[in-house]
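Structure data (PDB, C-alpha atoms) from structure-v3.pdb:
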```pdb
ATOM      1  CA  MET J   2     -21.020  17.679  -9.217
ATOM      2  CA  HIS J   3     -22.356  15.793  -6.194
ATOM      3  CA  GLU J   4     -24.688  18.792  -5.762
ATOM      4  CA  LEU J   5     -26.898  17.398  -8.562
ATOM      5  CA  GLY J   6     -28.380  14.569  -6.483
ATOM      6  CA  ILE J   7     -28.812  16.939  -3.571
ATOM      7  CA  ALA J   8     -30.567  19.557  -5.728
ATOM      8  CA  ASN J   9     -32.873  16.822  -7.007
ATOM      9  CA  GLU J  10     -33.820  15.699  -3.526
ATOM     10  CA  ILE J  11     -34.429  19.302  -2.381
ATOM     11  CA  LEU J  12     -36.772  19.795  -5.318
ATOM     12  CA  ASP J  13     -38.628  16.531  -4.591
ATOM     13  CA  VAL J  14     -39.179  17.509  -0.964
ATOM     14  CA  ALA J  15     -40.159  21.087  -1.828
ATOM     15  CA  LEU J  16     -42.721  19.976  -4.415
ATOM     16  CA  SER J  17     -44.277  17.316  -2.207
ATOM     17  CA  GLU J  18     -44.508  19.685   0.788
ATOM     18  CA  ALA J  19     -45.926  22.444  -1.414
ATOM     19  CA  GLY J  20     -48.513  20.003  -2.785
ATOM     20  CA  ARG J  21     -49.499  18.807   0.686
ATOM     21  CA  ASN J  22     -50.016  22.399   1.803
ATOM     22  CA  ALA J  23     -51.896  23.417  -1.372
ATOM     23  CA  ALA J  24     -49.272  26.063  -2.121
ATOM     24  CA  LYS J  25     -49.176  27.737  -5.521
ATOM     25  CA  LYS J  26     -45.523  28.641  -5.473
ATOM     26  CA  VAL J  27     -42.372  27.981  -3.444
ATOM     27  CA  THR J  28     -40.524  31.260  -2.922
ATOM     28  CA  SER J  29     -37.615  30.148  -0.771
ATOM     29  CA  ILE J  30     -36.093  27.049   0.816
ATOM     30  CA  ARG J  31     -33.944  27.136   3.942
ATOM     31  CA  LEU J  32     -31.268  24.464   4.232
ATOM     32  CA  ARG J  33     -28.830  23.567   6.956
ATOM     33  CA  VAL J  34     -25.552  22.512   5.379
ATOM     34  CA  GLY J  35     -22.544  21.272   7.322
ATOM     35  CA  VAL J  36     -19.198  22.801   6.399
ATOM     36  CA  LEU J  37     -17.762  19.270   5.990
ATOM     37  CA  ARG J  38     -20.272  18.459   3.250
ATOM     38  CA  ALA J  39     -18.145  20.121   0.555
ATOM     39  CA  ILE J  40     -21.186  21.764  -0.982
ATOM     40  CA  GLU J  41     -20.588  24.688  -3.257
ATOM     41  CA  ALA J  42     -23.587  27.011  -2.830
ATOM     42  CA  GLY J  43     -23.272  28.476  -6.332
ATOM     43  CA  ASN J  44     -23.307  25.027  -7.929
ATOM     44  CA  LEU J  45     -26.257  23.949  -5.845
ATOM     45  CA  SER J  46     -28.306  27.041  -6.726
ATOM     46  CA  PHE J  47     -27.422  26.765 -10.402
ATOM     47  CA  LEU J  48     -28.493  23.121 -10.573
ATOM     48  CA  PHE J  49     -31.622  23.691  -8.533
ATOM     49  CA  GLU J  50     -32.677  26.599 -10.716
ATOM     50  CA  HIS J  51     -32.317  24.415 -13.788
ATOM     51  CA  LEU J  52     -34.207  21.450 -12.314
ATOM     52  CA  ALA J  53     -37.021  23.605 -10.915
ATOM     53  CA  ARG J  54     -37.935  25.186 -14.249
ATOM     54  CA  GLY J  55     -41.584  24.703 -15.097
ATOM     55  CA  THR J  56     -42.447  23.546 -11.556
ATOM     56  CA  PRO J  57     -44.061  25.502  -8.664
ATOM     57  CA  ALA J  58     -40.545  25.840  -7.223
ATOM     58  CA  GLU J  59     -39.248  27.745 -10.250
ATOM     59  CA  GLY J  60     -37.340  30.795  -9.071
ATOM     60  CA  ALA J  61     -37.233  29.700  -5.412
ATOM     61  CA  LEU J  62     -34.220  30.979  -3.521
ATOM     62  CA  LEU J  63     -31.996  28.564  -1.636
ATOM     63  CA  GLU J  64     -31.011  30.026   1.731
ATOM     64  CA  ILE J  65     -28.155  28.177   3.362
ATOM     65  CA  VAL J  66     -27.705  28.159   7.121
ATOM     66  CA  GLU J  67     -24.139  26.995   7.683
ATOM     67  CA  ASP J  68     -23.487  24.301  10.293
ATOM     68  CA  PRO J  69     -19.946  24.844  11.594
ATOM     69  CA  VAL J  70     -17.742  22.205  13.199
ATOM     70  CA  ARG J  71     -17.496  22.204  16.983
ATOM     71  CA  VAL J  72     -13.969  22.030  18.294
ATOM     72  CA  GLU J  73     -13.552  20.566  21.762
ATOM     73  CA  CYS J  74     -10.246  21.683  23.199
ATOM     74  CA  ASP J  75      -8.724  19.935  26.227
ATOM     75  CA  ALA J  76      -7.570  23.319  27.518
ATOM     76  CA  CYS J  77     -10.375  25.787  26.790
ATOM     77  CA  GLY J  78     -13.601  23.967  26.061
ATOM     78  CA  VAL J  79     -15.865  24.161  23.038
ATOM     79  CA  SER J  80     -15.656  26.658  20.174
ATOM     80  CA  GLU J  81     -16.796  26.726  16.547
ATOM     81  CA  SER J  82     -14.839  26.734  13.328
ATOM     82  CA  PRO J  83     -15.909  27.265   9.697
ATOM     83  CA  SER J  84     -13.646  24.397   8.607
ATOM     84  CA  PHE J  85     -12.019  21.220   9.871
ATOM     85  CA  THR J  86      -9.006  22.049  11.985
ATOM     86  CA  LEU J  87      -6.304  20.357  14.032
ATOM     87  CA  GLU J  88      -5.867  23.227  16.429
ATOM     88  CA  CYS J  89      -8.105  25.094  18.843
ATOM     89  CA  PRO J  90      -9.287  28.385  17.239
ATOM     90  CA  ARG J  91      -8.752  30.125  20.598
ATOM     91  CA  CYS J  92      -5.550  28.835  22.186
ATOM     92  CA  LYS J  93      -4.052  27.127  19.093
ATOM     93  CA  GLY J  94      -3.602  23.996  21.207
ATOM     94  CA  ALA J  95      -3.440  20.615  19.484
ATOM     95  CA  GLY J  96      -5.497  18.604  21.971
ATOM     96  CA  VAL J  97      -8.762  18.863  20.067
ATOM     97  CA  SER J  98     -11.590  16.683  18.837
ATOM     98  CA  VAL J  99     -13.862  17.893  16.087
ATOM     99  CA  THR J 100     -17.570  17.099  15.914
ATOM    100  CA  GLY J 101     -20.583  18.223  13.887
ATOM    101  CA  GLY J 102     -20.419  20.095  10.612
ATOM    102  CA  ASP J 103     -22.024  17.209   8.752
ATOM    103  CA  SER J 104     -25.711  18.097   8.684
ATOM    104  CA  LEU J 105     -27.597  18.242   5.422
ATOM    105  CA  SER J 106     -31.263  19.008   5.861
ATOM    106  CA  ILE J 107     -34.185  21.096   4.716
ATOM    107  CA  LEU J 108     -35.346  23.354   7.540
ATOM    108  CA  SER J 109     -38.361  25.112   6.035
ATOM    109  CA  LEU J 110     -40.058  26.379   2.899
ATOM    110  CA  ASP J 111     -41.664  29.727   2.251
ATOM    111  CA  VAL J 112     -44.666  29.312  -0.034
ATOM    112  CA  ASP J 113     -47.419  31.412  -1.591
ATOM    113  CA  THR J 114     -50.847  29.946  -0.987
TER     114      THR J 114
ATOM    115  CA  MET B  10     -54.647  28.283   5.926
ATOM    116  CA  ALA B  11     -55.923  31.531   4.451
ATOM    117  CA  PRO B  12     -55.282  31.720   0.704
ATOM    118  CA  GLY B  13     -53.208  34.438  -0.849
ATOM    119  CA  GLY B  14     -50.421  34.776   1.751
ATOM    120  CA  ASN B  15     -46.780  33.841   2.025
ATOM    121  CA  VAL B  16     -46.323  31.247   4.750
ATOM    122  CA  ARG B  17     -43.470  29.251   6.180
ATOM    123  CA  ILE B  18     -43.711  25.452   6.313
ATOM    124  CA  ASP B  19     -41.376  23.756   8.776
ATOM    125  CA  VAL B  20     -39.920  20.644   7.195
ATOM    126  CA  GLU B  21     -36.794  19.677   9.196
ATOM    127  CA  ARG B  22     -35.949  16.661   7.090
ATOM    128  CA  SER B  23     -32.666  15.092   6.048
ATOM    129  CA  ILE B  24     -31.895  15.687   2.383
ATOM    130  CA  GLN B  25     -30.588  12.141   2.207
ATOM    131  CA  ARG B  26     -33.646  10.412   3.590
ATOM    132  CA  SER B  27     -34.257   8.221   0.541
ATOM    133  CA  ALA B  28     -30.591   7.127   0.526
ATOM    134  CA  ASP B  29     -30.721   6.524   4.285
ATOM    135  CA  GLU B  30     -33.823   4.376   3.847
ATOM    136  CA  SER B  31     -32.077   2.220   1.230
ATOM    137  CA  ALA B  32     -29.044   1.911   3.523
ATOM    138  CA  ALA B  33     -31.312   0.709   6.328
ATOM    139  CA  GLU B  34     -32.781  -1.909   3.967
ATOM    140  CA  ILE B  35     -29.275  -3.126   3.109
ATOM    141  CA  ARG B  36     -28.399  -3.295   6.820
ATOM    142  CA  ALA B  37     -31.464  -5.454   7.486
ATOM    143  CA  PHE B  38     -30.705  -7.643   4.431
ATOM    144  CA  LEU B  39     -27.151  -8.250   5.687
ATOM    145  CA  LEU B  40     -28.213  -8.833   9.270
ATOM    146  CA  GLU B  41     -30.762 -11.453   8.269
ATOM    147  CA  ARG B  42     -28.059 -13.366   6.363
ATOM    148  CA  LYS B  43     -25.351 -12.675   8.989
ATOM    149  CA  ILE B  44     -23.104 -11.157   6.348
ATOM    150  CA  PHE B  45     -20.413  -8.755   7.529
ATOM    151  CA  ALA B  46     -19.907  -5.924   5.022
ATOM    152  CA  LEU B  47     -17.034  -3.514   4.449
ATOM    153  CA  ASN B  48     -17.320  -0.316   2.413
ATOM    154  CA  LEU B  49     -13.879   0.603   1.047
ATOM    155  CA  ILE B  50     -13.309   4.267   0.252
ATOM    156  CA  SER B  51     -10.236   6.116  -1.025
ATOM    157  CA  SER B  52      -8.806   8.265  -3.775
ATOM    158  CA  PRO B  53      -8.231   6.487  -7.091
ATOM    159  CA  GLY B  54      -5.074   4.394  -6.897
ATOM    160  CA  SER B  55      -4.689   4.039  -3.129
ATOM    161  CA  GLY B  56      -4.862   0.261  -3.322
ATOM    162  CA  LYS B  57      -8.480  -0.714  -2.671
ATOM    163  CA  THR B  58      -8.501  -3.585  -5.155
ATOM    164  CA  THR B  59      -5.100  -4.776  -3.893
ATOM    165  CA  LEU B  60      -6.387  -4.749  -0.301
ATOM    166  CA  ILE B  61      -9.412  -6.759  -1.457
ATOM    167  CA  GLU B  62      -7.058  -9.305  -3.022
ATOM    168  CA  ALA B  63      -5.244  -9.623   0.326
ATOM    169  CA  LEU B  64      -8.581 -10.099   2.099
ATOM    170  CA  LEU B  65      -9.601 -12.779  -0.417
ATOM    171  CA  ALA B  66      -6.331 -14.637   0.143
ATOM    172  CA  ARG B  67      -6.861 -14.542   3.934
ATOM    173  CA  PHE B  68     -10.471 -15.709   3.812
ATOM    174  CA  GLU B  69      -9.948 -18.443   1.226
ATOM    175  CA  GLY B  70     -11.536 -21.600   2.608
ATOM    176  CA  LYS B  71     -13.056 -19.738   5.567
ATOM    177  CA  GLY B  72     -16.554 -19.270   4.246
ATOM    178  CA  GLY B  73     -17.842 -17.330   1.319
ATOM    179  CA  VAL B  74     -16.691 -13.896   0.307
ATOM    180  CA  ALA B  75     -18.506 -11.803  -2.285
ATOM    181  CA  VAL B  76     -17.300  -8.574  -3.859
ATOM    182  CA  VAL B  77     -19.082  -5.603  -5.405
ATOM    183  CA  GLU B  78     -16.921  -3.227  -7.425
ATOM    184  CA  GLY B  79     -17.936   0.359  -8.092
ATOM    185  CA  ASP B  80     -16.432   2.411 -10.901
ATOM    186  CA  ILE B  81     -17.642   5.163 -13.191
ATOM    187  CA  GLU B  82     -16.860   2.933 -16.194
ATOM    188  CA  THR B  83     -15.386  -0.515 -17.093
ATOM    189  CA  GLU B  84     -15.395  -4.048 -15.668
ATOM    190  CA  ILE B  85     -11.606  -3.980 -15.134
ATOM    191  CA  ASP B  86     -11.684  -4.374 -11.350
ATOM    192  CA  ALA B  87     -14.425  -7.015 -11.448
ATOM    193  CA  GLU B  88     -12.406  -9.004 -14.006
ATOM    194  CA  ARG B  89      -9.385  -8.840 -11.708
ATOM    195  CA  ILE B  90     -11.419 -10.348  -8.851
ATOM    196  CA  ARG B  91     -13.296 -12.821 -11.074
ATOM    197  CA  LYS B  92      -9.973 -14.412 -12.076
ATOM    198  CA  LEU B  93      -9.569 -15.430  -8.441
ATOM    199  CA  GLY B  94     -12.767 -17.471  -8.661
ATOM    200  CA  VAL B  95     -14.748 -15.158  -6.394
ATOM    201  CA  GLN B  96     -18.348 -14.058  -6.910
ATOM    202  CA  VAL B  97     -18.163 -10.429  -8.019
ATOM    203  CA  ARG B  98     -20.491  -7.842  -9.511
ATOM    204  CA  GLN B  99     -19.507  -4.538 -11.073
ATOM    205  CA  ILE B 100     -21.628  -1.417 -10.663
ATOM    206  CA  ASN B 101     -20.882   1.261 -13.250
ATOM    207  CA  THR B 102     -22.074   4.485 -11.722
ATOM    208  CA  ARG B 103     -21.647   6.620 -14.895
ATOM    209  CA  SER B 104     -22.657  10.140 -13.915
ATOM    210  CA  SER B 105     -22.780   9.364 -10.200
ATOM    211  CA  CYS B 106     -19.574   9.769  -8.219
ATOM    212  CA  HIS B 107     -20.368   7.065  -5.643
ATOM    213  CA  ILE B 108     -22.314   3.817  -5.298
ATOM    214  CA  GLN B 109     -25.948   4.652  -4.594
ATOM    215  CA  PRO B 110     -27.425   2.441  -1.881
ATOM    216  CA  PHE B 111     -30.452   1.538  -4.008
ATOM    217  CA  ARG B 112     -28.126   0.237  -6.751
ATOM    218  CA  LEU B 113     -26.181  -1.854  -4.249
ATOM    219  CA  LEU B 114     -29.421  -3.248  -2.827
ATOM    220  CA  SER B 115     -30.674  -4.378  -6.229
ATOM    221  CA  VAL B 116     -27.309  -5.995  -7.037
ATOM    222  CA  LEU B 117     -27.253  -7.829  -3.681
ATOM    223  CA  ARG B 118     -30.748  -9.179  -4.343
ATOM    224  CA  GLU B 119     -29.516 -10.678  -7.622
ATOM    225  CA  MET B 120     -26.428 -12.339  -6.145
ATOM    226  CA  ASP B 121     -26.272 -15.799  -4.598
ATOM    227  CA  LEU B 122     -25.242 -14.950  -1.049
ATOM    228  CA  SER B 123     -26.426 -18.185   0.566
ATOM    229  CA  THR B 124     -22.900 -19.097   1.762
ATOM    230  CA  THR B 125     -21.502 -15.566   1.979
ATOM    231  CA  ARG B 126     -20.165 -14.358   5.326
ATOM    232  CA  LEU B 127     -18.104 -11.401   4.163
ATOM    233  CA  LEU B 128     -19.119  -8.772   1.603
ATOM    234  CA  LEU B 129     -16.502  -6.368   0.271
ATOM    235  CA  VAL B 130     -17.811  -3.263  -1.472
ATOM    236  CA  GLU B 131     -15.222  -1.206  -3.308
ATOM    237  CA  ASN B 132     -16.636   2.277  -3.739
ATOM    238  CA  VAL B 133     -15.783   4.642  -6.581
ATOM    239  CA  GLY B 134     -12.294   6.133  -6.167
ATOM    240  CA  ASN B 135     -13.131   9.484  -4.639
ATOM    241  CA  LEU B 136     -12.858  10.883  -1.110
ATOM    242  CA  VAL B 137     -15.830  13.256  -1.361
ATOM    243  CA  CYS B 138     -19.142  11.680  -2.366
ATOM    244  CA  PRO B 139     -18.694   8.088  -1.114
ATOM    245  CA  ALA B 140     -18.102   9.538   2.367
ATOM    246  CA  GLU B 141     -21.529  11.169   2.336
ATOM    247  CA  VAL B 142     -23.596   8.067   1.795
ATOM    248  CA  SER B 143     -24.019   5.002   3.978
ATOM    249  CA  LEU B 144     -24.260   1.684   2.165
ATOM    250  CA  GLY B 145     -25.533  -0.052   5.291
ATOM    251  CA  GLU B 146     -22.041  -1.430   5.904
ATOM    252  CA  ASP B 147     -20.809  -2.828   9.205
ATOM    253  CA  ALA B 148     -17.504  -1.001   8.922
ATOM    254  CA  ARG B 149     -16.166   1.711   6.692
ATOM    255  CA  VAL B 150     -12.533   1.399   5.644
ATOM    256  CA  VAL B 151     -10.744   4.466   4.333
ATOM    257  CA  LEU B 152      -7.398   3.944   2.609
ATOM    258  CA  LEU B 153      -4.695   6.572   2.285
ATOM    259  CA  SER B 154      -1.515   5.765   0.387
ATOM    260  CA  VAL B 155       1.687   7.458   1.482
ATOM    261  CA  THR B 156       2.246   8.833  -2.036
ATOM    262  CA  GLU B 157      -0.905  10.969  -1.743
ATOM    263  CA  GLY B 158       0.418  13.272   0.942
ATOM    264  CA  ASP B 159      -0.361  13.659   4.621
ATOM    265  CA  GLU B 160      -2.822  16.571   4.245
ATOM    266  CA  LYS B 161      -5.621  14.353   2.951
ATOM    267  CA  PRO B 162      -7.494  14.216   6.303
ATOM    268  CA  LEU B 163      -7.512  18.021   6.392
ATOM    269  CA  LYS B 164      -8.646  18.329   2.790
ATOM    270  CA  TYR B 165     -11.339  15.633   2.949
ATOM    271  CA  PRO B 166     -12.348  15.581   6.614
ATOM    272  CA  LEU B 167     -15.730  13.896   6.177
ATOM    273  CA  ALA B 168     -14.108  10.762   4.750
ATOM    274  CA  PHE B 169     -11.881  10.455   7.807
ATOM    275  CA  LYS B 170     -14.601  11.428  10.263
ATOM    276  CA  THR B 171     -16.852   8.629   9.029
ATOM    277  CA  ALA B 172     -14.151   5.936   8.841
ATOM    278  CA  ASP B 173     -14.140   3.065  11.323
ATOM    279  CA  LEU B 174     -10.776   1.850  10.088
ATOM    280  CA  LEU B 175      -8.049   3.892   8.425
ATOM    281  CA  VAL B 176      -5.506   1.920   6.430
ATOM    282  CA  ILE B 177      -2.320   3.746   5.464
ATOM    283  CA  THR B 178      -1.076   1.859   2.393
ATOM    284  CA  LYS B 179       2.167   1.537   0.407
ATOM    285  CA  THR B 180       4.258   2.073   3.549
ATOM    286  CA  ASP B 181       7.244   0.450   1.798
ATOM    287  CA  LEU B 182       7.491   3.745  -0.125
ATOM    288  CA  LEU B 183       7.842   5.890   3.036
ATOM    289  CA  PRO B 184      11.632   6.321   2.614
ATOM    290  CA  HIS B 185      11.012   7.909  -0.788
ATOM    291  CA  VAL B 186       8.233  10.363   0.005
ATOM    292  CA  THR B 187       7.459  13.160   2.444
ATOM    293  CA  PHE B 188       4.634  11.746   4.513
ATOM    294  CA  ASP B 189       4.236  12.324   8.233
ATOM    295  CA  VAL B 190       2.414   9.261   9.567
ATOM    296  CA  GLU B 191       1.977  10.851  12.994
ATOM    297  CA  ARG B 192       0.325  13.906  11.474
ATOM    298  CA  VAL B 193      -2.184  11.686   9.701
ATOM    299  CA  ARG B 194      -2.853   9.702  12.871
ATOM    300  CA  ARG B 195      -3.436  12.915  14.813
ATOM    301  CA  ALA B 196      -5.794  14.373  12.178
ATOM    302  CA  ALA B 197      -7.752  11.128  11.860
ATOM    303  CA  ARG B 198      -8.138  10.901  15.654
ATOM    304  CA  ALA B 199      -9.279  14.543  15.888
ATOM    305  CA  ALA B 200     -11.994  13.753  13.340
ATOM    306  CA  ASN B 201     -12.919  10.425  14.940
ATOM    307  CA  PRO B 202     -11.360   9.443  18.280
ATOM    308  CA  ALA B 203     -12.565   5.842  17.824
ATOM    309  CA  VAL B 204     -10.896   5.232  14.445
ATOM    310  CA  GLU B 205      -8.609   2.197  14.260
ATOM    311  CA  ILE B 206      -5.449   2.890  12.277
ATOM    312  CA  PHE B 207      -3.337   0.340  10.382
ATOM    313  CA  GLU B 208      -0.139   0.766   8.365
ATOM    314  CA  VAL B 209       0.315  -1.764   5.596
ATOM    315  CA  SER B 210       2.378  -2.593   2.556
ATOM    316  CA  ALA B 211       0.888  -5.058   0.097
ATOM    317  CA  THR B 212       4.314  -5.320  -1.570
ATOM    318  CA  THR B 213       6.290  -6.444   1.508
ATOM    319  CA  GLY B 214       3.312  -7.719   3.505
ATOM    320  CA  ALA B 215       4.269  -5.484   6.451
ATOM    321  CA  GLY B 216       1.361  -4.764   8.799
ATOM    322  CA  MET B 217      -1.068  -6.715   6.658
ATOM    323  CA  SER B 218      -1.720  -9.510   9.134
ATOM    324  CA  ASP B 219      -2.759  -7.031  11.872
ATOM    325  CA  PHE B 220      -5.367  -5.568   9.544
ATOM    326  CA  LEU B 221      -6.590  -8.961   8.321
ATOM    327  CA  ASP B 222      -6.773 -10.307  11.901
ATOM    328  CA  ARG B 223      -8.928  -7.339  12.853
ATOM    329  CA  ILE B 224     -11.328  -7.877   9.950
ATOM    330  CA  GLU B 225     -11.537 -11.569  10.791
ATOM    331  CA  ALA B 226     -12.380 -10.715  14.412
ATOM    332  CA  LEU B 227     -15.009  -8.178  13.370
ATOM    333  CA  ARG B 228     -16.571 -10.636  10.983
ATOM    334  CA  ALA B 229     -16.619 -13.378  13.609
ATOM    335  CA  ALA B 230     -18.380 -11.022  16.024
ATOM    336  CA  LYS B 231     -21.380 -10.694  13.679
ATOM    337  CA  ARG B 232     -23.423 -13.812  14.271
TER     338      ARG B 232
END
```
Show me the file's structure as structure tokens.
Amino acid sequence: MHELGIANEILDVALSEAGRNAAKKVTSIRLRVGVLRAIEAGNLSFLFEHLARGTPAEGALLEIVEDPVRVECDACGVSESPSFTLECPRCKGAGVSVTGGDSLSILSLDVDT
Amino acid sequence: MAPGGNVRIDVERSIQRSADESAAEIRAFLLERKIFALNLISSPGSGKTTLIEALLARFEGKGGVAVVEGDIETEIDAERIRKLGVQVRQINTRSSCHIQPFRLLSVLREMDLSTTRLLLVENVGNLVCPAEVSLGEDARVVLLSVTEGDEKPLKYPLAFKTADLLVITKTDLLPHVTFDVERVRRAARAANPAVEIFEVSATTGAGMSDFLDRIEALRAAKR
């Protein structure tokens, strides 16, 4: 249930940004979520929906832009993977280092003014 | 803007900004007092409290050590440390699966850290949430006991990616379990090429002095 704190923070940011921009309603929120963050989108949406009730963000959709991990292979360069891996997705080689996939940020809000 | 339309507001902001701000406050608090802090993370039962006991034995008489214990419930771990005559505080996180930096900060402000040089923070036993949140520590120690299985770095990659030191514990049990140490080393290095890896047994003492020497050197470097 670590999504609860995250849902809370998304709501806080959405409401303060909506207020600053004199928006009446938040209709959607775009997030960038790293695949290593172990975030279950269904849980996050469920919790957000509950928390947002009675606020200008009630009913807002959470749109998740996935941030994959980047696999740097000694043999064939950089590729992407939807999960942590010990082998290169292309050549299956083991000489890899894995970076990225850990972002957790709010990209933008769509609001009605 | 013109009223009545649907518009996009660019935000581009970390969802963890408030936690990151508290972590930065802790970092400044520790720096000012020249306290070196470790954040210990692992599954329940990997040996965090036992490793803390080994650290306390090593640093006895070498300047103050303080401990903060994090658990969902109970003072059991704090009691275990208190018996050794060490300043300890327990944080019960209840519904939260990790120590929140703002809770740690308020506890640190209440403690007497005037002679403390080393702070040991034992996070809640869990490889998911504690890995996501910085506590402003100088080094993050992830423990993996050989009885847990060697797939842990693949199952919980963020914990291993964010670790500065990986301590493989209970190595005296290796003859009795299927655990490929090399596989773990390889996975941990893929996630973080700079990770320092130690193999220890608190029961036999094997490998422990290498780990303790390293912590002592890291602590000495923070002046």
Which residues of chain J have any atom within 6 Å of an atom in chain B when counting all atoms listed in the file, and what is the closest pair of atoms for each, with the distance in Å to one decimal? Order the rows by chain and rising number and write it as JSON lines.
```
{"residue": "J:Leu37", "atom": "CA", "partner": "B:Leu167", "partner_atom": "CA", "distance": 5.7}
{"residue": "J:Ser98", "atom": "CA", "partner": "B:Ala199", "partner_atom": "CA", "distance": 4.3}
{"residue": "J:Val99", "atom": "CA", "partner": "B:Ala200", "partner_atom": "CA", "distance": 5.3}
{"residue": "J:Leu105", "atom": "CA", "partner": "B:Ile24", "partner_atom": "CA", "distance": 5.9}
{"residue": "J:Ser106", "atom": "CA", "partner": "B:Ser23", "partner_atom": "CA", "distance": 4.2}
{"residue": "J:Ile107", "atom": "CA", "partner": "B:Arg22", "partner_atom": "CA", "distance": 5.3}
{"residue": "J:Leu108", "atom": "CA", "partner": "B:Glu21", "partner_atom": "CA", "distance": 4.3}
{"residue": "J:Ser109", "atom": "CA", "partner": "B:Asp19", "partner_atom": "CA", "distance": 4.3}
{"residue": "J:Leu110", "atom": "CA", "partner": "B:Ile18", "partner_atom": "CA", "distance": 5.1}
{"residue": "J:Asp111", "atom": "CA", "partner": "B:Arg17", "partner_atom": "CA", "distance": 4.4}
{"residue": "J:Val112", "atom": "CA", "partner": "B:Asn15", "partner_atom": "CA", "distance": 5.4}
{"residue": "J:Asp113", "atom": "CA", "partner": "B:Asn15", "partner_atom": "CA", "distance": 4.4}
{"residue": "J:Thr114", "atom": "CA", "partner": "B:Pro12", "partner_atom": "CA", "distance": 5.1}
```
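Omitting B:Asp147 and its sequence neighbours fewer than 4 positions away, and counting all atoms listed in the file, the residues within 9 Å are Arg36, Phe45, Ala46, Leu47, Asn48 and Leu227 of chain B.
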Counting all atoms listed in the file, what is within 12 Å of B:Gly216, bar same-chain residues fewer than 3 positions away, as a PyMOL selection string? chain B and resi 60+63+176-181+206-213+219-223
For the selection you just gave me, I'd like the residues written to a file as a short mmCIF file (atom, residue, chain, number, x, y, z; two decimals), in the coordinates of the input, keeping C-alpha atoms.
```
data_model
loop_
_atom_site.label_atom_id
_atom_site.label_comp_id
_atom_site.auth_asym_id
_atom_site.auth_seq_id
_atom_site.Cartn_x
_atom_site.Cartn_y
_atom_site.Cartn_z
CA LEU B 60 -6.39 -4.75 -0.30
CA ALA B 63 -5.24 -9.62 0.33
CA VAL B 176 -5.51 1.92 6.43
CA ILE B 177 -2.32 3.75 5.46
CA THR B 178 -1.08 1.86 2.39
CA LYS B 179 2.17 1.54 0.41
CA THR B 180 4.26 2.07 3.55
CA ASP B 181 7.24 0.45 1.80
CA ILE B 206 -5.45 2.89 12.28
CA PHE B 207 -3.34 0.34 10.38
CA GLU B 208 -0.14 0.77 8.36
CA VAL B 209 0.32 -1.76 5.60
CA SER B 210 2.38 -2.59 2.56
CA ALA B 211 0.89 -5.06 0.10
CA THR B 212 4.31 -5.32 -1.57
CA THR B 213 6.29 -6.44 1.51
CA ASP B 219 -2.76 -7.03 11.87
CA PHE B 220 -5.37 -5.57 9.54
CA LEU B 221 -6.59 -8.96 8.32
CA ASP B 222 -6.77 -10.31 11.90
CA ARG B 223 -8.93 -7.34 12.85
#
```
Between B:Ile50, B:Gly79, B:Asp159, B:Ile90, which residue has the minimum interatomic distance to B:Asp173, considering only C-alpha atoms?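 Among the listed residues, the smallest separation from B:Asp173 belongs to B:Ile50.
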Mind pulling up the distance from atom CA of B:Val133 to atom CA of B:Thr102? 8.1 Å
Applying the PyMOL selection byres ((chain B and resi 75) around 6) to the file I just gave you, which residues come out? Please list them as a list in words.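 Applied to this file, the PyMOL selection byres ((chain B and resi 75) around 6) returns Val74, Val76, Gln96, Val97 and Leu128 of chain B.
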From the options J:His51, J:Leu45, J:Thr56, J:Glu88, which residue's atoms come nearest to J:Ala24, counting all atoms listed in the file?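 With all atoms listed in the file as the atom set, the closest residue is J:Thr56.
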